[in-house]
$ cat entry-v4.cif   # mmCIF, C-alpha atoms
data_my_file
#
loop_
_atom_site.label_atom_id
_atom_site.label_comp_id
_atom_site.auth_asym_id
_atom_site.auth_seq_id
_atom_site.Cartn_x
_atom_site.Cartn_y
_atom_site.Cartn_z
CA MET A 1 97.17 113.36 66.24
CA SER A 2 93.95 115.20 66.89
CA PRO A 3 92.16 114.80 70.24
CA GLU A 4 89.16 113.27 68.42
CA LEU A 5 91.27 110.52 66.90
CA ILE A 6 92.91 109.82 70.25
CA GLY A 7 89.47 109.64 71.86
CA ALA A 8 88.34 107.13 69.25
CA VAL A 9 91.38 104.94 69.87
CA TYR A 10 90.72 105.19 73.62
CA ILE A 11 87.27 103.74 72.94
CA LEU A 12 88.90 100.83 71.12
CA SER A 13 91.25 100.16 74.03
CA ALA A 14 88.33 100.34 76.48
CA ILE A 15 86.57 97.68 74.39
CA LEU A 16 89.71 95.52 74.57
CA PHE A 17 89.83 95.93 78.37
CA VAL A 18 86.18 94.98 78.78
CA TYR A 19 86.44 92.00 76.45
CA GLY A 20 89.74 90.96 78.02
CA LEU A 21 88.21 90.96 81.52
CA LYS A 22 85.26 88.95 80.25
CA LEU A 23 87.53 86.29 78.71
CA LEU A 24 89.71 86.28 81.84
CA SER A 25 86.80 85.07 83.94
CA SER A 26 86.54 81.73 82.11
CA PRO A 27 89.33 79.08 82.26
CA ALA A 28 89.35 78.18 78.55
CA THR A 29 89.80 81.74 77.32
CA ALA A 30 91.76 83.33 80.18
CA VAL A 31 95.15 83.48 78.41
CA ARG A 32 93.62 85.15 75.39
CA GLY A 33 91.76 87.57 77.64
CA ASN A 34 94.97 88.68 79.27
CA GLN A 35 96.60 89.19 75.87
CA LEU A 36 93.66 91.24 74.61
CA SER A 37 93.74 93.41 77.71
CA SER A 38 97.49 94.01 77.34
CA LEU A 39 96.93 94.87 73.67
CA GLY A 40 94.40 97.46 74.85
CA MET A 41 97.01 98.95 77.16
CA LEU A 42 99.61 99.04 74.37
CA VAL A 43 97.19 100.78 72.02
CA ALA A 44 96.31 103.38 74.68
CA VAL A 45 99.98 104.10 75.45
CA VAL A 46 101.05 104.35 71.80
CA VAL A 47 98.23 106.70 70.84
CA THR A 48 98.92 108.87 73.91
CA LEU A 49 102.56 109.18 72.88
CA GLY A 50 101.33 110.46 69.54
CA SER A 51 99.27 113.27 71.07
CA ARG A 52 100.22 116.90 70.50
CA GLU A 53 100.42 117.59 74.20
CA ILE A 54 103.57 115.52 74.55
CA ILE A 55 106.60 117.42 73.34
CA ASP A 56 109.45 116.05 75.39
CA PHE A 57 110.19 112.34 75.29
CA ARG A 58 113.46 112.18 77.20
CA TRP A 59 112.12 111.57 80.70
CA ILE A 60 109.35 109.36 79.39
CA ALA A 61 111.88 107.12 77.66
CA VAL A 62 114.12 106.85 80.71
CA ALA A 63 111.24 106.18 83.11
CA ALA A 64 109.46 103.72 80.83
CA VAL A 65 112.59 101.70 80.09
CA LEU A 66 113.53 101.51 83.78
CA GLY A 67 109.96 100.58 84.75
CA THR A 68 109.80 97.88 82.08
CA ILE A 69 113.08 96.36 83.24
CA VAL A 70 112.06 96.35 86.90
CA GLY A 71 108.58 94.98 86.17
CA ALA A 72 109.78 92.30 83.75
CA VAL A 73 112.62 91.08 85.96
CA ALA A 74 110.37 90.97 89.03
CA ALA A 75 107.66 89.09 87.13
CA GLN A 76 110.15 86.54 85.76
CA ARG A 77 112.05 85.93 88.98
CA VAL A 78 109.15 85.51 91.38
CA ALA A 79 108.36 81.97 92.51
CA MET A 80 104.86 80.63 91.85
CA THR A 81 104.18 80.52 95.57
CA GLY A 82 105.15 84.17 95.90
CA MET A 83 102.54 85.41 93.40
CA PRO A 84 100.14 87.12 95.81
CA GLU A 85 102.96 89.18 97.34
CA MET A 86 104.16 90.15 93.89
CA VAL A 87 100.68 91.26 92.89
CA ALA A 88 100.56 93.31 96.10
CA LEU A 89 103.80 95.07 95.18
CA PHE A 90 102.68 95.78 91.61
CA ASN A 91 99.41 97.07 92.97
CA GLY A 92 101.29 99.34 95.36
CA SER A 93 103.32 100.80 92.51
CA GLY A 94 100.09 101.47 90.61
CA GLY A 95 98.75 103.26 93.70
CA ILE A 96 101.80 105.49 94.08
CA ALA A 97 101.67 106.27 90.37
CA SER A 98 98.13 107.59 90.79
CA LEU A 99 99.26 109.60 93.80
CA LEU A 100 102.08 111.15 91.77
CA VAL A 101 99.76 111.92 88.85
CA GLY A 102 97.43 113.72 91.25
CA TRP A 103 100.31 115.63 92.78
CA ALA A 104 101.70 116.63 89.38
CA ALA A 105 98.23 117.74 88.30
CA LEU A 106 98.06 120.01 91.34
CA ASP A 107 101.40 121.53 90.42
CA MET A 108 100.77 122.06 86.77
CA GLY A 109 98.18 124.77 87.44
CA GLY A 110 100.59 126.64 89.68
CA ALA A 111 103.54 126.44 87.31
CA THR A 112 102.05 128.18 84.32
CA ASP A 113 100.38 131.47 85.08
CA ALA A 114 98.55 131.42 81.78
CA GLU A 115 96.38 128.53 82.94
CA LEU A 116 93.14 129.20 84.72
CA PRO A 117 93.18 128.77 88.50
CA GLN A 118 92.17 125.28 89.42
CA THR A 119 88.52 124.66 90.03
CA THR A 120 87.17 123.16 93.22
CA PHE A 121 86.25 120.03 91.27
CA THR A 122 89.84 119.54 90.10
CA ILE A 123 91.30 120.04 93.56
CA VAL A 124 88.80 117.63 95.10
CA THR A 125 89.55 114.93 92.52
CA ILE A 126 93.28 115.50 92.98
CA LEU A 127 92.87 115.07 96.73
CA ILE A 128 90.84 111.89 96.24
CA SER A 129 93.45 110.42 93.90
CA ILE A 130 96.20 111.24 96.41
CA LEU A 131 94.19 109.81 99.31
CA ILE A 132 93.25 106.54 97.58
CA GLY A 133 96.62 106.24 95.86
CA GLY A 134 98.48 106.71 99.14
CA VAL A 135 96.27 104.23 101.01
CA THR A 136 96.75 101.71 98.18
CA PHE A 137 100.50 102.14 98.24
CA SER A 138 101.19 101.85 101.95
CA GLY A 139 98.44 99.24 102.40
CA SER A 140 99.95 97.10 99.64
CA ILE A 141 103.41 97.37 101.17
CA ILE A 142 102.03 96.19 104.52
CA ALA A 143 100.14 93.36 102.77
CA TRP A 144 103.35 92.36 101.02
CA GLY A 145 105.24 92.46 104.32
CA LYS A 146 102.68 90.25 106.03
CA LEU A 147 102.56 87.70 103.19
CA SER A 148 106.31 87.45 102.76
CA GLU A 149 106.73 87.41 106.55
CA THR A 150 109.18 90.29 106.55
CA MET A 151 106.88 91.53 109.29
CA PRO A 152 104.71 89.58 111.74
CA SER A 153 101.70 88.26 109.85
CA ARG A 154 99.35 88.20 112.82
CA ALA A 155 96.75 90.91 113.31
CA ILE A 156 98.37 93.83 115.09
CA SER A 157 96.04 96.09 117.00
CA LEU A 158 97.20 99.33 118.48
CA PRO A 159 95.27 100.93 121.32
CA GLY A 160 92.64 103.30 120.02
CA GLN A 161 93.21 102.31 116.41
CA GLN A 162 89.72 103.13 115.25
CA PHE A 163 90.00 106.52 116.88
CA ILE A 164 93.37 107.24 115.25
CA SER A 165 92.06 106.28 111.81
CA LEU A 166 89.03 108.49 112.29
CA LEU A 167 91.25 111.36 113.44
CA LEU A 168 93.51 110.93 110.39
CA LEU A 169 90.50 111.05 108.09
CA VAL A 170 89.11 114.15 109.80
CA ALA A 171 92.51 115.86 109.62
CA MET A 172 92.72 115.03 105.93
CA ILE A 173 89.26 116.39 105.21
CA GLY A 174 90.24 119.55 107.12
CA CYS A 175 93.37 119.99 104.99
CA GLY A 176 91.31 119.36 101.87
CA ALA A 177 88.76 121.99 102.88
CA MET A 178 91.51 124.56 103.43
CA MET A 179 93.06 123.77 100.06
CA VAL A 180 89.73 124.15 98.31
CA ALA A 181 88.99 127.40 100.12
CA GLN A 182 92.36 129.07 99.49
CA PRO A 183 94.33 127.16 96.85
CA GLU A 184 97.06 129.81 96.47
CA THR A 185 97.94 129.90 100.15
CA TRP A 186 97.65 126.26 101.11
CA ASN A 187 98.25 124.04 98.08
CA SER A 188 102.02 123.99 98.25
CA THR A 189 102.32 123.20 101.96
CA LEU A 190 99.28 121.14 102.89
CA ILE A 191 99.78 118.75 100.00
CA TYR A 192 102.68 117.15 101.88
CA VAL A 193 100.51 116.79 104.97
CA VAL A 194 97.77 115.12 102.92
CA ILE A 195 100.27 112.70 101.33
CA VAL A 196 101.77 111.71 104.69
CA LEU A 197 98.34 111.31 106.30
CA SER A 198 97.09 109.10 103.47
CA LEU A 199 100.17 106.88 103.74
CA ILE A 200 99.64 106.47 107.49
CA LEU A 201 95.96 105.75 106.92
CA GLY A 202 96.87 102.90 104.54
CA VAL A 203 99.10 101.33 107.20
CA MET A 204 96.35 101.72 109.79
CA ALA A 205 93.81 100.08 107.51
CA VAL A 206 95.80 96.91 106.79
CA ILE A 207 97.84 96.36 109.95
CA PRO A 208 94.92 95.04 112.07
CA ILE A 209 94.15 92.32 109.51
CA GLY A 210 95.74 88.88 109.86
CA GLY A 211 98.00 87.31 107.22
CA ALA A 212 95.49 84.62 106.28
CA ASP A 213 93.05 87.24 105.02
CA MET A 214 95.66 89.06 102.95
CA PRO A 215 94.54 87.78 99.50
CA VAL A 216 91.14 89.37 100.13
CA VAL A 217 92.83 92.59 101.25
CA ILE A 218 95.01 92.66 98.12
CA SER A 219 91.91 92.24 95.99
CA LEU A 220 90.30 95.15 97.83
CA LEU A 221 93.42 97.29 97.42
CA ASN A 222 93.40 96.39 93.73
CA SER A 223 89.92 97.83 93.55
CA TYR A 224 91.21 100.96 95.33
CA SER A 225 94.04 101.39 92.85
CA GLY A 226 91.44 101.33 90.07
CA LEU A 227 89.45 104.03 91.85
CA ALA A 228 92.65 106.04 92.36
CA ALA A 229 93.33 105.86 88.62
CA CYS A 230 89.74 106.94 88.01
CA ALA A 231 90.13 109.96 90.33
CA ALA A 232 93.41 110.86 88.64
CA GLY A 233 91.57 110.66 85.31
CA LEU A 234 88.92 113.06 86.60
CA ALA A 235 91.67 115.42 87.79
CA ILE A 236 93.48 115.59 84.45
CA ASN A 237 90.35 115.08 82.35
CA ASN A 238 91.37 111.85 80.68
CA THR A 239 88.50 109.54 79.69
CA ILE A 240 90.40 106.26 79.36
CA LEU A 241 91.69 106.64 82.93
CA ILE A 242 88.13 107.17 84.15
CA VAL A 243 86.69 104.22 82.21
CA ALA A 244 89.44 101.69 82.90
CA GLY A 245 89.86 102.87 86.49
CA SER A 246 86.22 102.57 87.41
CA LEU A 247 86.02 99.23 85.59
CA VAL A 248 88.83 97.86 87.76
CA GLY A 249 87.33 99.51 90.82
CA ALA A 250 83.98 97.78 90.33
CA ALA A 251 85.44 94.44 89.20
CA GLY A 252 87.81 94.51 92.17
CA ILE A 253 85.02 95.05 94.70
CA ILE A 254 82.87 92.24 93.31
CA LEU A 255 85.91 89.92 93.09
CA THR A 256 86.73 90.74 96.71
CA ASN A 257 83.23 89.78 97.68
CA ILE A 258 83.41 86.50 95.70
CA MET A 259 86.75 85.64 97.31
CA CYS A 260 85.29 86.29 100.75
CA LYS A 261 82.38 83.96 99.99
CA ALA A 262 84.80 81.27 98.76
CA MET A 263 86.69 81.55 102.06
CA ASN A 264 83.41 81.51 103.95
CA ARG A 265 83.89 84.91 105.52
CA SER A 266 82.07 88.17 105.20
CA LEU A 267 83.82 91.22 103.83
CA SER A 268 83.08 93.32 106.88
CA HIS A 269 84.41 90.51 109.08
CA VAL A 270 87.74 90.55 107.22
CA LEU A 271 88.04 94.31 107.26
CA PHE A 272 87.22 94.76 110.91
CA SER A 273 88.63 91.51 112.29
CA GLY A 274 91.47 93.37 114.01
CA PHE A 275 89.06 95.83 115.57
CA THR A 276 86.75 93.17 116.93
CA ALA A 277 89.71 91.18 118.27
CA ALA A 278 90.89 94.28 120.08
CA LYS A 279 87.43 94.76 121.52
CA THR A 280 87.18 91.24 122.90
CA ALA A 281 90.65 91.58 124.41
CA THR A 282 89.77 94.62 126.43
CA MET B 1 78.36 119.61 81.49
CA GLU B 2 81.66 117.82 81.08
CA THR B 3 81.49 116.76 84.73
CA VAL B 4 78.04 115.25 84.24
CA LEU B 5 79.24 113.25 81.23
CA LEU B 6 82.20 111.97 83.21
CA GLY B 7 79.80 110.97 85.98
CA PHE B 8 77.76 108.94 83.49
CA VAL B 9 80.90 107.22 82.22
CA LEU B 10 81.83 106.36 85.80
CA MET B 11 78.41 104.95 86.59
CA LEU B 12 78.20 102.81 83.43
CA SER B 13 81.70 101.38 83.92
CA ILE B 14 80.83 100.40 87.46
CA PHE B 15 77.73 98.51 86.30
CA LEU B 16 79.79 96.87 83.57
CA GLY B 17 82.47 95.81 86.05
CA PHE B 18 79.84 94.17 88.24
CA GLU B 19 78.34 92.30 85.28
CA LEU B 20 81.67 91.03 83.97
CA ILE B 21 82.95 89.35 87.11
CA SER B 22 79.84 87.73 88.53
CA LYS B 23 80.52 84.06 87.64
CA VAL B 24 84.21 83.38 88.00
CA PRO B 25 85.51 79.98 89.22
CA ALA B 26 87.67 79.94 92.35
CA THR B 27 90.84 78.86 90.50
CA LEU B 28 90.77 82.06 88.48
CA HIS B 29 90.51 84.43 91.43
CA THR B 30 94.21 85.25 91.68
CA PRO B 31 94.88 85.56 87.91
CA LEU B 32 91.79 87.72 87.52
CA MET B 33 92.88 89.93 90.40
CA SER B 34 96.32 90.24 88.85
CA GLY B 35 94.90 90.93 85.38
CA ALA B 36 92.56 93.61 86.72
CA ASN B 37 95.50 95.06 88.64
CA ALA B 38 97.47 95.37 85.40
CA ILE B 39 94.56 97.32 83.89
CA SER B 40 94.68 99.76 86.81
CA GLY B 41 98.15 100.61 85.55
CA ILE B 42 96.27 102.69 82.96
CA THR B 43 97.47 105.60 85.10
CA VAL B 44 100.54 105.34 82.86
CA VAL B 45 98.58 107.18 80.17
CA GLY B 46 97.92 110.09 82.51
CA ALA B 47 101.52 110.01 83.70
CA LEU B 48 102.76 110.18 80.10
CA THR B 49 100.84 113.36 79.35
CA LEU B 50 102.25 114.96 82.51
CA ALA B 51 105.85 113.83 82.02
CA GLY B 52 105.99 114.89 78.38
CA GLY B 53 103.78 117.96 78.42
CA GLU B 54 104.86 121.56 78.77
CA MET B 55 104.43 121.71 82.54
CA GLY B 56 106.62 123.09 85.28
CA GLU B 57 109.83 121.29 86.09
CA TRP B 58 108.42 119.79 89.27
CA ALA B 59 105.32 118.45 87.51
CA THR B 60 107.54 116.87 84.87
CA TRP B 61 109.61 115.13 87.53
CA LEU B 62 106.53 113.85 89.30
CA GLY B 63 105.11 112.71 85.98
CA ALA B 64 108.30 110.84 85.11
CA ALA B 65 108.29 109.09 88.49
CA ALA B 66 104.64 108.19 87.90
CA VAL B 67 105.54 106.76 84.46
CA PHE B 68 108.19 104.62 86.13
CA PHE B 69 105.87 103.17 88.79
CA ALA B 70 102.90 102.73 86.46
CA THR B 71 105.09 100.92 83.92
CA ILE B 72 106.18 98.48 86.62
CA ASN B 73 102.52 97.85 87.37
CA VAL B 74 101.57 97.35 83.71
CA VAL B 75 104.51 95.24 82.52
CA GLY B 76 104.86 93.24 85.72
CA GLY B 77 101.11 92.79 86.08
CA TYR B 78 100.52 91.37 82.62
CA MET B 79 103.63 89.15 82.71
CA VAL B 80 102.77 87.72 86.12
CA THR B 81 99.20 87.04 85.01
CA ASP B 82 100.47 85.29 81.91
CA ARG B 83 102.81 83.11 83.96
CA MET B 84 100.03 82.16 86.36
CA LEU B 85 97.66 81.29 83.52
CA GLY B 86 100.39 79.31 81.75
CA MET B 87 100.73 77.03 84.75
CA PHE B 88 96.99 76.79 85.13
CA LYS B 89 96.52 75.82 81.47
CA LYS B 90 99.07 73.00 81.52
CA LYS B 91 97.48 71.46 84.57
CA ASP B 92 93.91 71.64 83.35
CA GLU B 93 94.32 71.27 79.61
CA PRO B 94 92.66 67.85 79.22
CA GLU B 95 89.61 69.03 81.17
CA ALA B 96 89.47 72.34 79.40
CA ARG B 97 89.15 70.62 76.04
CA VAL B 98 86.21 68.48 77.07
#
$ encode --input "entry-v4.cif" --output "structure tokens"
Amino acid sequence: MSPELIGAVYILSAILFVYGLKLLSSPATAVRGNQLSSLGMLVAVVVTLGSREIIDFRWIAVAAVLGTIVGAVAAQRVAMTGMPEMVALFNGSGGIASLLVGWAALDMGGATDAELPQTTFTIVTILISILIGGVTFSGSIIAWGKLSETMPSRAISLPGQQFISLLLLVAMIGCGAMMVAQPETWNSTLIYVVIVLSLILGVMAVIPIGGADMPVVISLLNSYSGLAACAAGLAINNTILIVAGSLVGAAGIILTNIMCKAMNRSLSHVLFSGFTAAKTAT
Amino acid sequence: METVLLGFVLMLSIFLGFELISKVPATLHTPLMSGANAISGITVVGALTLAGGEMGEWATWLGAAAVFFATINVVGGYMVTDRMLGMFKKKDEPEARV
């Protein structure tokens, strides 16, 4: 299939996503909205499989079948009361997928010498998708742990948490700057550092928040996973990833805000509750 | 130029996202979150092009792993949302028809 045709079908699936989200926000039409949105996803996947770029289907088939089985079984087995945890786990797997896409995109320039060296823009978007994807993944796992009480659900505050988080972020920006400055020298080594730092940052972001606020946190992380997909789309130059990702990113933020209002709390209060608790304790 | 166009796409989708979700009732918060989460599994499309394209071996592996995780997100996300909405519908059906 030609890239133009694929682009046109991507527009169709974006319309289905938008319309699906619209229907999902009203009780009478919600089921239909979800179906429309899943149809959009199916259309996007099928047309992508038909693109000329894809020449080897073996690994795709194995990975897709395994993923479908795991996702379907998990979705069927989960108890109704365990839904928020399940959504957290699914969200985490979406986050790590974006991280892996970013990582693979970084590697694909290095593997084939014929390709042009990666531009600063590509490296920056790759780093953003790894950062947000990693934070989404580890944050979602912590949120799942707190909700399912596999770990203590109270707010855990470590000494100097704010400082550690800031340090992590600075270290990550430093690594990013080095990778942008000298991609050939630093890409292959510093990428691991960036991945590890982003995973730790996700833990640091969610661990000081109490279990009762977790639904809001999951909604926020959902928004992050959308932004991660959007960054991955910018890195590999794929429009449907950018459109759908930023749509989820924006919808997630506004939904987070609405949920906060429904619980009578402010977003900043939820996010920094652990920090303020630590402050009053000292 | 391409980058500028992508920036416009990003900006417009963000405005659209804000518009779509402004008046949602509290009962639909969790299904909507889950449904939006399933859409963020769109990364699967990017993962497919990396896993099946003519890339290095390492990139193919990473792409395949990404396909696996993104598929979990997509399939699980939509199924879970459907289950939640199914329960919701049964409970509220008489009111919904009025």
$ atom_distance --input "entry-v4.cif" --atom1 "CA of Val45 in chain A" --atom2 "CA of Ser138 in chain A"
26.6 Å
$ closest_residue --input "entry-v4.cif" --among "B:Glu57, B:Ser40, B:Leu12, B:Met87" --to "chain A" --atoms "all atoms listed in the file"
B:Ser40
$ atom_distance --input "entry-v4.cif" --atom1 "CA of Met80 in chain A" --atom2 "CA of Ile132 in chain A"
29.0 Å
$ resolve_selection --input "entry-v4.cif" --expression "the PyMOL selection byres ((chain B) within 7 of (chain A))" --output "JSON list (two decimals) with C-alpha atoms, keeping the file's coordinate frame"
[["chain", "number", "residue", "atom", "x", "y", "z"],
["B", 9, "VAL", "CA", 80.90, 107.22, 82.22],
["B", 10, "LEU", "CA", 81.83, 106.36, 85.80],
["B", 13, "SER", "CA", 81.70, 101.38, 83.92],
["B", 14, "ILE", "CA", 80.83, 100.40, 87.46],
["B", 16, "LEU", "CA", 79.79, 96.87, 83.57],
["B", 17, "GLY", "CA", 82.47, 95.81, 86.05],
["B", 18, "PHE", "CA", 79.84, 94.17, 88.24],
["B", 20, "LEU", "CA", 81.67, 91.03, 83.97],
["B", 21, "ILE", "CA", 82.95, 89.35, 87.11],
["B", 24, "VAL", "CA", 84.21, 83.38, 88.00],
["B", 28, "LEU", "CA", 90.77, 82.06, 88.48],
["B", 32, "LEU", "CA", 91.79, 87.72, 87.52],
["B", 33, "MET", "CA", 92.88, 89.93, 90.40],
["B", 34, "SER", "CA", 96.32, 90.24, 88.85],
["B", 35, "GLY", "CA", 94.90, 90.93, 85.38],
["B", 36, "ALA", "CA", 92.56, 93.61, 86.72],
["B", 37, "ASN", "CA", 95.50, 95.06, 88.64],
["B", 39, "ILE", "CA", 94.56, 97.32, 83.89],
["B", 40, "SER", "CA", 94.68, 99.76, 86.81],
["B", 41, "GLY", "CA", 98.15, 100.61, 85.55],
["B", 42, "ILE", "CA", 96.27, 102.69, 82.96],
["B", 43, "THR", "CA", 97.47, 105.60, 85.10],
["B", 45, "VAL", "CA", 98.58, 107.18, 80.17],
["B", 46, "GLY", "CA", 97.92, 110.09, 82.51],
["B", 47, "ALA", "CA", 101.52, 110.01, 83.70],
["B", 48, "LEU", "CA", 102.76, 110.18, 80.10],
["B", 49, "THR", "CA", 100.84, 113.36, 79.35],
["B", 51, "ALA", "CA", 105.85, 113.83, 82.02],
["B", 52, "GLY", "CA", 105.99, 114.89, 78.38],
["B", 53, "GLY", "CA", 103.78, 117.96, 78.42],
["B", 55, "MET", "CA", 104.43, 121.71, 82.54],
["B", 56, "GLY", "CA", 106.62, 123.09, 85.28],
["B", 59, "ALA", "CA", 105.32, 118.45, 87.51],
["B", 62, "LEU", "CA", 106.53, 113.85, 89.30],
["B", 63, "GLY", "CA", 105.11, 112.71, 85.98],
["B", 64, "ALA", "CA", 108.30, 110.84, 85.11],
["B", 65, "ALA", "CA", 108.29, 109.09, 88.49],
["B", 66, "ALA", "CA", 104.64, 108.19, 87.90],
["B", 67, "VAL", "CA", 105.54, 106.76, 84.46],
["B", 68, "PHE", "CA", 108.19, 104.62, 86.13],
["B", 69, "PHE", "CA", 105.87, 103.17, 88.79],
["B", 70, "ALA", "CA", 102.90, 102.73, 86.46],
["B", 71, "THR", "CA", 105.09, 100.92, 83.92],
["B", 72, "ILE", "CA", 106.18, 98.48, 86.62],
["B", 73, "ASN", "CA", 102.52, 97.85, 87.37],
["B", 75, "VAL", "CA", 104.51, 95.24, 82.52],
["B", 76, "GLY", "CA", 104.86, 93.24, 85.72],
["B", 77, "GLY", "CA", 101.11, 92.79, 86.08],
["B", 78, "TYR", "CA", 100.52, 91.37, 82.62],
["B", 79, "MET", "CA", 103.63, 89.15, 82.71],
["B", 80, "VAL", "CA", 102.77, 87.72, 86.12],
["B", 82, "ASP", "CA", 100.47, 85.29, 81.91],
["B", 85, "LEU", "CA", 97.66, 81.29, 83.52],
["B", 96, "ALA", "CA", 89.47, 72.34, 79.40]]
$ atom_distance --input "entry-v4.cif" --atom1 "CA of Gly86 in chain B" --atom2 "CA of Thr30 in chain B"
13.1 Å
$ closest_residue --input "entry-v4.cif" --among "B:Val4, B:Ser22, B:Pro31, B:Thr60" --to "Met84 in chain B" --atoms "only C-alpha atoms"
B:Pro31
$ residues_around --input "entry-v4.cif" --residues "Ile200 in chain A" --least-positions-apart "3" --cutoff "8 Å" --atoms "only C-alpha atoms" --output "list in words"
Val135, Ser138, Val196, Leu197, Val203 and Met204 of chain A
$ closest_residue --input "entry-v4.cif" --among "A:Ile156, A:Val9, A:Ile130, A:Cys175" --to "Ile142 in chain A" --atoms "only C-alpha atoms"
A:Ile156
$ resolve_selection --input "entry-v4.cif" --expression "the PyMOL selection byres ((chain A and resi 179) around 10)" --output "ChimeraX atom specification"
/A:120,123-124,127,173-178,180-191
$ residues_around --input "entry-v4.cif" --residues "Thr150 in chain A" --least-positions-apart "6" --cutoff "12 Å" --atoms "all atoms listed in the file" --output "PDB file with C-alpha atoms, in the coordinates of the input"
ATOM      1  CA  GLU A  85     102.960  89.180  97.340  1.00  0.00           C
ATOM      2  CA  ILE A 141     103.410  97.370 101.170  1.00  0.00           C
ATOM      3  CA  ILE A 142     102.030  96.190 104.520  1.00  0.00           C
ATOM      4  CA  ALA A 143     100.140  93.360 102.770  1.00  0.00           C
ATOM      5  CA  TRP A 144     103.350  92.360 101.020  1.00  0.00           C
ATOM      6  CA  GLY A 211      98.000  87.310 107.220  1.00  0.00           C
TER       7      GLY A 211
END
